[in-house]
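What follows is input.txt (compact mmCIF, C-alpha atoms).
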# COMPACT_ATOMS: atom_id res chain seq x y z
CA MET A 2 -8.70 7.05 0.67
CA SER A 3 -8.74 6.73 4.42
CA ALA A 4 -9.21 9.52 6.92
CA VAL A 5 -5.66 8.95 8.19
CA PHE A 6 -4.26 9.87 4.78
CA TYR A 7 -6.26 13.11 4.63
CA LEU A 8 -5.18 14.01 8.17
CA ILE A 9 -1.47 13.44 7.41
CA ALA A 10 -1.71 15.20 4.05
CA ALA A 11 -3.41 18.22 5.65
CA LEU A 12 -0.73 18.33 8.37
CA THR A 13 2.07 18.19 5.78
CA VAL A 14 0.59 20.85 3.51
CA ALA A 15 -0.21 23.10 6.48
CA GLY A 16 3.38 22.75 7.71
CA GLY A 17 4.73 23.65 4.28
CA LEU A 18 2.40 26.64 3.92
CA ALA A 19 3.28 27.91 7.39
CA ALA A 20 7.01 27.55 6.62
CA VAL A 21 6.63 29.69 3.51
CA LEU A 22 4.28 32.29 5.02
CA LEU A 23 5.50 32.84 8.61
CA LYS A 24 7.50 36.01 9.12
CA ASN A 25 9.73 34.80 11.94
CA LEU A 26 12.43 32.48 10.59
CA VAL A 27 12.59 30.34 13.73
CA HIS A 28 8.85 29.70 13.47
CA ALA A 29 9.31 28.86 9.79
CA ALA A 30 12.02 26.33 10.69
CA LEU A 31 9.68 24.69 13.21
CA ALA A 32 6.87 24.60 10.62
CA VAL A 33 9.11 22.98 8.02
CA THR A 34 10.05 20.36 10.64
CA VAL A 35 6.32 19.59 10.95
CA ALA A 36 6.15 19.23 7.16
CA PHE A 37 9.16 16.86 7.19
CA GLY A 38 7.46 14.80 9.91
CA GLY A 39 4.24 14.64 7.91
CA LEU A 40 6.20 13.47 4.87
CA ALA A 41 7.81 10.74 6.98
CA LEU A 42 4.31 9.64 8.06
CA LEU A 43 3.22 9.61 4.40
CA PHE A 44 6.22 7.38 3.59
CA LEU A 45 5.23 5.06 6.44
CA SER A 46 1.63 4.95 5.15
CA LEU A 47 3.07 3.89 1.76
CA ASP A 48 4.72 0.84 3.46
CA ALA A 49 8.17 2.34 2.96
CA GLN A 50 9.43 1.92 6.52
CA PHE A 51 13.11 2.38 5.74
CA ALA A 52 12.57 5.59 3.77
CA GLY A 53 10.23 6.91 6.46
CA PHE A 54 12.71 6.42 9.28
CA ALA A 55 15.58 7.68 7.12
CA GLN A 56 13.47 10.79 6.50
CA ILE A 57 12.99 11.29 10.26
CA LEU A 58 16.70 10.75 10.97
CA VAL A 59 18.07 12.89 8.15
CA TYR A 60 15.53 15.71 7.90
CA ILE A 61 14.18 16.16 11.42
CA GLY A 62 17.46 15.06 13.01
CA ALA A 63 20.01 16.81 10.83
CA VAL A 64 18.62 19.26 8.26
CA ALA A 65 16.21 21.00 10.67
CA ILE A 66 19.04 21.43 13.21
CA LEU A 67 21.31 22.80 10.45
CA ILE A 68 18.62 25.30 9.43
CA VAL A 69 18.18 26.47 13.04
CA PHE A 70 21.98 26.85 13.41
CA ALA A 71 22.15 28.88 10.18
CA ILE A 72 19.26 31.12 11.34
CA LEU A 73 20.91 31.78 14.68
CA LEU A 74 24.38 32.36 13.15
CA THR A 75 22.96 34.91 10.68
CA ARG A 76 20.68 36.63 13.23
CA GLY A 77 17.77 35.69 10.97
CA SER A 78 15.29 35.85 13.87
CA ASP A 79 15.31 39.66 13.67
CA LEU A 80 12.45 40.79 11.46
CA PRO A 81 13.60 42.83 8.43
CA LYS A 82 12.24 46.35 8.15
CA ASP A 83 11.10 46.24 4.53
CA GLY A 84 9.03 43.06 4.64
CA VAL A 85 9.87 39.39 4.22
CA PHE A 86 8.62 39.03 0.67
CA SER A 87 10.67 39.83 -2.41
CA LYS A 88 9.91 42.73 -4.74
CA THR A 89 8.89 40.28 -7.46
CA TRP A 90 6.61 38.21 -5.21
CA LEU A 91 3.62 38.41 -7.55
CA ILE A 92 5.54 36.86 -10.46
CA GLY A 93 6.80 34.09 -8.19
CA LEU A 94 3.30 33.37 -6.95
CA VAL A 95 1.94 33.24 -10.50
CA ILE A 96 4.73 30.85 -11.57
CA ALA A 97 4.07 28.56 -8.60
CA ALA A 98 0.31 28.55 -9.25
CA ALA A 99 0.91 27.80 -12.93
CA VAL A 100 3.26 24.92 -12.07
CA PHE A 101 0.70 23.49 -9.64
CA SER A 102 -2.15 23.76 -12.13
CA VAL A 103 -0.11 22.03 -14.84
CA LEU A 104 1.01 19.25 -12.46
CA GLY A 105 -2.51 18.77 -11.09
CA TRP A 106 -4.03 18.71 -14.56
CA ALA A 107 -1.45 16.14 -15.71
CA VAL A 108 -2.07 13.92 -12.67
CA LEU A 109 -5.84 14.12 -12.86
CA SER A 110 -6.14 13.64 -16.61
CA SER A 111 -3.76 10.67 -16.83
CA ALA A 112 -5.21 7.20 -16.57
CA SER A 113 -3.72 5.64 -13.47
CA GLY A 114 -3.84 2.01 -14.47
CA LEU A 115 -0.97 0.73 -12.33
CA PRO A 116 -1.69 -2.84 -11.32
CA ASN A 117 -0.37 -2.97 -7.77
CA GLU A 118 -3.19 -1.10 -6.02
CA SER A 119 -3.84 -3.27 -3.00
CA ALA A 120 -1.07 -5.72 -2.26
CA VAL A 121 1.53 -4.63 0.27
CA PRO A 122 5.01 -5.01 -1.27
CA ALA A 123 6.90 -7.90 0.29
CA VAL A 124 10.05 -5.89 0.88
CA ASN A 125 11.87 -5.54 4.19
CA VAL A 126 15.02 -3.78 5.34
CA HIS A 127 17.06 -6.91 4.69
CA ASP A 128 16.21 -6.77 0.98
CA ILE A 129 17.12 -3.08 0.87
CA GLY A 130 20.49 -3.78 2.51
CA VAL A 131 21.24 -6.62 0.10
CA ALA A 132 20.31 -4.41 -2.87
CA LEU A 133 22.47 -1.56 -1.51
CA VAL A 134 25.62 -3.68 -1.29
CA GLY A 135 24.76 -5.68 -4.40
CA ARG A 136 23.24 -4.02 -7.43
CA TYR A 137 23.52 -0.45 -6.08
CA VAL A 138 27.00 -0.64 -4.55
CA LEU A 139 28.59 1.83 -6.98
CA PRO A 140 26.00 4.59 -6.32
CA LEU A 141 26.41 3.89 -2.59
CA GLU A 142 30.16 4.48 -2.81
CA ILE A 143 29.65 7.64 -4.87
CA VAL A 144 27.15 8.96 -2.30
CA ALA A 145 29.65 8.21 0.48
CA LEU A 146 32.29 10.22 -1.40
CA LEU A 147 29.80 13.02 -2.07
CA LEU A 148 28.80 13.23 1.61
CA THR A 149 32.47 13.35 2.69
CA ALA A 150 33.25 16.06 0.14
CA ALA A 151 30.13 18.04 1.10
CA THR A 152 30.95 17.89 4.81
CA ILE A 153 34.55 19.04 4.28
CA GLY A 154 33.40 21.68 1.78
CA ALA A 155 30.72 23.06 4.11
CA VAL A 156 33.25 23.35 6.97
CA ILE A 157 35.82 25.08 4.72
CA VAL A 158 33.26 27.48 3.23
CA ALA A 159 31.79 28.45 6.60
CA MET A 160 35.14 28.57 8.42
CA HIS A 161 36.10 31.92 9.86
CA GLU A 162 38.87 33.57 7.86
CA LYS A 163 41.54 35.40 9.80
CA ASP A 164 41.91 39.11 9.07
CA GLY A 165 44.16 39.65 6.08
CA ALA A 166 44.75 35.99 5.39
CA GLN A 167 42.66 34.36 2.66
CA MET B 3 -9.66 8.99 -6.89
CA THR B 4 -7.12 6.22 -6.67
CA PRO B 5 -4.54 6.29 -3.84
CA LEU B 6 -1.74 6.97 -6.32
CA THR B 7 -3.54 10.05 -7.66
CA ALA B 8 -4.06 11.37 -4.14
CA TYR B 9 -0.38 10.98 -3.24
CA LEU B 10 0.71 12.59 -6.51
CA LEU B 11 -1.63 15.54 -5.89
CA VAL B 12 -0.23 16.06 -2.38
CA ALA B 13 3.29 15.94 -3.83
CA ALA B 14 2.36 18.46 -6.54
CA LEU B 15 0.87 20.81 -3.94
CA LEU B 16 4.00 20.56 -1.77
CA PHE B 17 6.19 21.19 -4.81
CA ALA B 18 4.20 24.31 -5.67
CA ILE B 19 4.43 25.55 -2.06
CA GLY B 20 8.19 24.99 -2.05
CA LEU B 21 8.56 26.74 -5.41
CA ALA B 22 6.52 29.69 -4.14
CA GLY B 23 8.71 29.86 -1.04
CA ALA B 24 11.90 29.81 -3.12
CA LEU B 25 10.61 32.51 -5.50
CA VAL B 26 8.72 34.80 -3.12
CA ARG B 27 10.80 35.09 0.03
CA ARG B 28 13.84 37.34 0.23
CA ASN B 29 15.74 35.51 2.96
CA ALA B 30 18.33 33.04 1.63
CA ILE B 31 17.59 30.47 4.36
CA LEU B 32 13.87 30.50 3.51
CA VAL B 33 14.79 29.90 -0.14
CA LEU B 34 16.78 26.84 0.94
CA ILE B 35 13.80 25.64 2.99
CA GLY B 36 11.65 25.93 -0.14
CA ILE B 37 14.18 23.92 -2.14
CA GLU B 38 14.15 21.22 0.56
CA LEU B 39 10.34 21.07 0.33
CA MET B 40 10.57 20.61 -3.44
CA LEU B 41 13.12 17.78 -3.06
CA ASN B 42 10.89 16.11 -0.47
CA SER B 43 7.84 16.22 -2.72
CA ALA B 44 9.89 14.55 -5.47
CA ASN B 45 10.80 11.85 -2.94
CA LEU B 46 7.10 11.36 -2.17
CA ASN B 47 6.50 10.79 -5.88
CA PHE B 48 9.30 8.20 -6.03
CA ILE B 49 7.92 6.30 -3.04
CA ALA B 50 4.31 6.46 -4.32
CA PHE B 51 5.31 5.10 -7.74
CA TRP B 52 7.41 2.41 -6.04
CA ARG B 53 4.46 1.37 -3.87
CA TYR B 54 1.84 1.29 -6.64
CA GLY B 55 4.11 0.35 -9.53
CA PRO B 56 4.20 -3.11 -11.07
CA HIS B 57 7.50 -4.33 -9.57
CA PRO B 58 8.03 -3.09 -6.00
CA GLU B 59 10.45 -5.95 -5.30
CA ALA B 60 12.92 -4.39 -7.78
CA LEU B 61 13.29 -1.48 -5.26
CA THR B 62 14.06 1.09 -7.96
CA GLY B 63 11.94 3.94 -6.63
CA MET B 64 12.95 3.20 -3.04
CA MET B 65 16.65 3.34 -3.92
CA PHE B 66 16.13 6.57 -5.84
CA ALA B 67 14.40 8.10 -2.80
CA ILE B 68 17.18 6.96 -0.41
CA PHE B 69 19.95 8.38 -2.61
CA SER B 70 17.91 11.53 -3.10
CA ILE B 71 17.66 11.97 0.69
CA ALA B 72 21.45 11.59 0.97
CA VAL B 73 22.13 14.11 -1.81
CA ALA B 74 19.60 16.55 -0.31
CA ALA B 75 21.40 16.35 3.05
CA ALA B 76 24.72 17.18 1.35
CA GLU B 77 23.04 20.04 -0.53
CA ALA B 78 21.59 21.47 2.70
CA ALA B 79 24.98 21.38 4.44
CA VAL B 80 26.81 23.13 1.59
CA GLY B 81 23.97 25.62 0.98
CA LEU B 82 23.72 26.71 4.60
CA GLY B 83 27.53 26.94 4.80
CA LEU B 84 27.46 29.26 1.79
CA VAL B 85 24.71 31.38 3.40
CA ILE B 86 26.82 31.75 6.56
CA ALA B 87 29.92 32.67 4.51
CA ILE B 88 27.98 35.30 2.51
CA TYR B 89 26.44 36.67 5.69
CA ARG B 90 29.90 37.10 7.21
CA HIS B 91 30.97 39.01 4.09
CA THR B 92 27.95 41.25 3.50
CA GLN B 93 26.18 41.20 6.91
CA THR B 94 22.88 40.33 5.26
CA THR B 95 20.90 37.29 4.11
CA ASP B 96 18.54 39.42 2.02
CA LEU B 97 18.74 38.16 -1.55
CA ASP B 98 17.49 41.47 -2.99
CA LYS B 99 20.54 43.19 -1.46
CA MET B 100 23.06 40.65 -2.79
CA ASN B 101 23.41 42.26 -6.20
CA GLY B 102 27.17 42.56 -6.61
CA MET B 103 29.49 39.90 -7.96
CA LYS B 104 32.70 41.40 -6.56
CA GLY B 105 32.68 41.75 -2.81
When written as structure tokens, how does the structure in this file appear?
Amino acid sequence: MSAVFYLIAALTVAGGLAAVLLKNLVHAALAVTVAFGGLALLFLSLDAQFAGFAQILVYIGAVAILIVFAILLTRGSDLPKDGVFSKTWLIGLVIAAAVFSVLGWAVLSSASGLPNESAVPAVNVHDIGVALVGRYVLPLEIVALLLTAATIGAVIVAMHEKDGAQ
Amino acid sequence: MTPLTAYLLVAALLFAIGLAGALVRRNAILVLIGIELMLNSANLNFIAFWRYGPHPEALTGMMFAIFSIAVAAAEAAVGLGLVIAIYRHTQTTDLDKMNGMKG
């Protein structure tokens, strides 16, 4: 593995850890943006250009902004008095550590004999577009419907209700 | 260590971090951030298996990752809208204080 991979992986994991551990929610949102950027770089290092740039557009461009808006609308930047961690934090930590040890054991003990170790896949954005409107056109339409419904639903749920009227 | 193993280990670590964030923090927005991290680590697995799998030209893993990104964006929008609606009702985003079903 190259040094570039270790650098990007360390950046991503550090961003994720900082997002979970930082007390200030705005700082956590910035840290999770760093983690999203590191993941986009990992996608690019896996020769998945389209997924990498889609990750940058969707996560850094939209989801991070949504998170910041939600933090500011709920005054989440004020630090709570009784700590940021839940009462059952120890159980949660144990569960997460157990899940990681099981996943890591499964990955390390499995024989990774996949044949395509070196060759770069000969796939470009044109192929992805053809596949999207060809074989995967029904999922594409369903995702379009889902995104429309989610947008309308989010606006309706977050819309300010007038006093008395439901 | 093969490249695939390294990517899978990074994805497993990110998944565990996201799970810890979703279970340990008491702010609802931080829980959503943890869920987003978990979804992203699953996407990293899809892309890694697509890259090192036997038939990358079939685009299966890539398509799964793209649709997963779209669904995660919809989930984030609805989830954060729900957090804002609950905050307007109860004036808190602390999950330990949201313990009533009838407002």
Chain B proximity check over A:Ser3, A:Ser111, A:Ser87, A:Ser46, using all atoms listed in the file: winner is A:Ser87
Looking at all atoms listed in the file, which of A:Ala98, A:Leu73, A:Ala11, A:Ile68 is the one that sits closest to B:Ala8?
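Of all the options, A:Ala11 lies closest to B:Ala8.
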Distance cut-off 12 Å, centre (10.3, 23.8, -5.4) in file coordinates, counting only C-alpha atoms: which residues qualify? Return them as a PyMOL selection string.
(chain A and resi 17+21+93-94+96-98+100-101) or (chain B and resi 13-26+32-44)
Dump as a PDB file with C-alpha atoms, in the frame of the given file the residues of chain B that approach chain A to within 7 Å, counting all atoms listed in the file.
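The file below, result-v5.pdb, is the result:
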ATOM      1  CA  PRO B   5      -4.540   6.290  -3.840  1.00  0.00           C
ATOM      2  CA  THR B   7      -3.540  10.050  -7.660  1.00  0.00           C
ATOM      3  CA  LEU B  10       0.710  12.590  -6.510  1.00  0.00           C
ATOM      4  CA  LEU B  11      -1.630  15.540  -5.890  1.00  0.00           C
ATOM      5  CA  VAL B  12      -0.230  16.060  -2.380  1.00  0.00           C
ATOM      6  CA  ALA B  14       2.360  18.460  -6.540  1.00  0.00           C
ATOM      7  CA  LEU B  15       0.870  20.810  -3.940  1.00  0.00           C
ATOM      8  CA  LEU B  16       4.000  20.560  -1.770  1.00  0.00           C
ATOM      9  CA  ALA B  18       4.200  24.310  -5.670  1.00  0.00           C
ATOM     10  CA  ILE B  19       4.430  25.550  -2.060  1.00  0.00           C
ATOM     11  CA  LEU B  21       8.560  26.740  -5.410  1.00  0.00           C
ATOM     12  CA  ALA B  22       6.520  29.690  -4.140  1.00  0.00           C
ATOM     13  CA  GLY B  23       8.710  29.860  -1.040  1.00  0.00           C
ATOM     14  CA  LEU B  25      10.610  32.510  -5.500  1.00  0.00           C
ATOM     15  CA  VAL B  26       8.720  34.800  -3.120  1.00  0.00           C
ATOM     16  CA  ARG B  27      10.800  35.090   0.030  1.00  0.00           C
ATOM     17  CA  ARG B  28      13.840  37.340   0.230  1.00  0.00           C
ATOM     18  CA  ILE B  49       7.920   6.300  -3.040  1.00  0.00           C
ATOM     19  CA  ALA B  50       4.310   6.460  -4.320  1.00  0.00           C
ATOM     20  CA  ARG B  53       4.460   1.370  -3.870  1.00  0.00           C
ATOM     21  CA  TYR B  54       1.840   1.290  -6.640  1.00  0.00           C
ATOM     22  CA  GLY B  55       4.110   0.350  -9.530  1.00  0.00           C
ATOM     23  CA  PRO B  56       4.200  -3.110 -11.070  1.00  0.00           C
ATOM     24  CA  PRO B  58       8.030  -3.090  -6.000  1.00  0.00           C
ATOM     25  CA  GLU B  59      10.450  -5.950  -5.300  1.00  0.00           C
ATOM     26  CA  ILE B  68      17.180   6.960  -0.410  1.00  0.00           C
ATOM     27  CA  ALA B  75      21.400  16.350   3.050  1.00  0.00           C
ATOM     28  CA  ALA B  76      24.720  17.180   1.350  1.00  0.00           C
ATOM     29  CA  ALA B  78      21.590  21.470   2.700  1.00  0.00           C
ATOM     30  CA  ALA B  79      24.980  21.380   4.440  1.00  0.00           C
ATOM     31  CA  VAL B  80      26.810  23.130   1.590  1.00  0.00           C
ATOM     32  CA  LEU B  82      23.720  26.710   4.600  1.00  0.00           C
ATOM     33  CA  GLY B  83      27.530  26.940   4.800  1.00  0.00           C
ATOM     34  CA  LEU B  84      27.460  29.260   1.790  1.00  0.00           C
ATOM     35  CA  ILE B  86      26.820  31.750   6.560  1.00  0.00           C
ATOM     36  CA  ALA B  87      29.920  32.670   4.510  1.00  0.00           C
ATOM     37  CA  TYR B  89      26.440  36.670   5.690  1.00  0.00           C
TER      38      TYR B  89
END
Rounded to one decimal place, report the atom CA of B:Gly63-atom CA of A:Ala32 distance in Å.
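These two atoms are separated by 27.4 Å.
Here atom CA of B:Leu6 and atom CA of A:Thr34 stand 24.6 Å from one another.
Pairwise distance (atom CA of A:Phe54, atom CA of A:Gly39) equals 11.9 Å.
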Write out as a ChimeraX atom specification each polymer residue whose atoms come within 12 Å of B:Gly102, counting only C-alpha atoms; drop sequence neighbours fewer than 6 positions from it.
/B:88,91-92
Expected file: the selected residues, C-alpha atoms, as a short mmCIF file (atom, residue, chain, number, x, y, z; two decimals), keeping the file's coordinate frame:
data_model
loop_
_atom_site.label_atom_id
_atom_site.label_comp_id
_atom_site.auth_asym_id
_atom_site.auth_seq_id
_atom_site.Cartn_x
_atom_site.Cartn_y
_atom_site.Cartn_z
CA ILE B 88 27.98 35.30 2.51
CA HIS B 91 30.97 39.01 4.09
CA THR B 92 27.95 41.25 3.50
#
Nearest candidate to A:Leu23 (options B:Thr95, B:Thr62, B:Asn47, B:Asn29; using all atoms listed in the file)
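When distances to A:Leu23 are compared using all atoms listed in the file, the smallest one comes from B:Asn29.
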Considering all atoms listed in the file, can you say which of A:Ile66, A:Val131, A:Val27, A:Ile9 comes closest to B:Ala60?
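Looking only at the distances to B:Ala60, the closest residue turns out to be A:Val131.
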Return stretch 45-58 of chain B, completed with N, CA and C atoms, as a compact mmCIF listing (two decimals), keeping the file's coordinate frame.
# COMPACT_ATOMS: atom_id res chain seq x y z
N ASN B 45 10.64 13.14 -3.61
CA ASN B 45 10.80 11.85 -2.94
C ASN B 45 9.47 11.15 -2.73
N LEU B 46 8.44 11.95 -2.37
CA LEU B 46 7.10 11.36 -2.17
C LEU B 46 6.60 10.72 -3.46
N ASN B 47 6.88 11.38 -4.60
CA ASN B 47 6.50 10.79 -5.88
C ASN B 47 7.22 9.46 -6.11
N PHE B 48 8.54 9.44 -5.83
CA PHE B 48 9.30 8.20 -6.03
C PHE B 48 8.70 7.06 -5.20
N ILE B 49 8.42 7.35 -3.92
CA ILE B 49 7.92 6.30 -3.04
C ILE B 49 6.52 5.86 -3.48
N ALA B 50 5.67 6.83 -3.90
CA ALA B 50 4.31 6.46 -4.32
C ALA B 50 4.35 5.58 -5.57
N PHE B 51 5.22 5.94 -6.54
CA PHE B 51 5.31 5.10 -7.74
C PHE B 51 5.91 3.74 -7.42
N TRP B 52 6.86 3.71 -6.43
CA TRP B 52 7.41 2.41 -6.04
C TRP B 52 6.33 1.54 -5.45
N ARG B 53 5.48 2.14 -4.58
CA ARG B 53 4.46 1.37 -3.87
C ARG B 53 3.38 0.85 -4.81
N TYR B 54 2.95 1.69 -5.77
CA TYR B 54 1.84 1.29 -6.64
C TYR B 54 2.30 0.86 -8.03
N GLY B 55 3.61 0.79 -8.25
CA GLY B 55 4.11 0.35 -9.53
C GLY B 55 4.04 -1.16 -9.66
N PRO B 56 4.36 -1.67 -10.84
CA PRO B 56 4.20 -3.11 -11.07
C PRO B 56 5.24 -3.98 -10.39
N HIS B 57 6.46 -3.46 -10.14
CA HIS B 57 7.50 -4.33 -9.57
C HIS B 57 8.13 -3.70 -8.33
N PRO B 58 7.42 -3.70 -7.20
CA PRO B 58 8.03 -3.09 -6.00
C PRO B 58 9.24 -3.87 -5.50
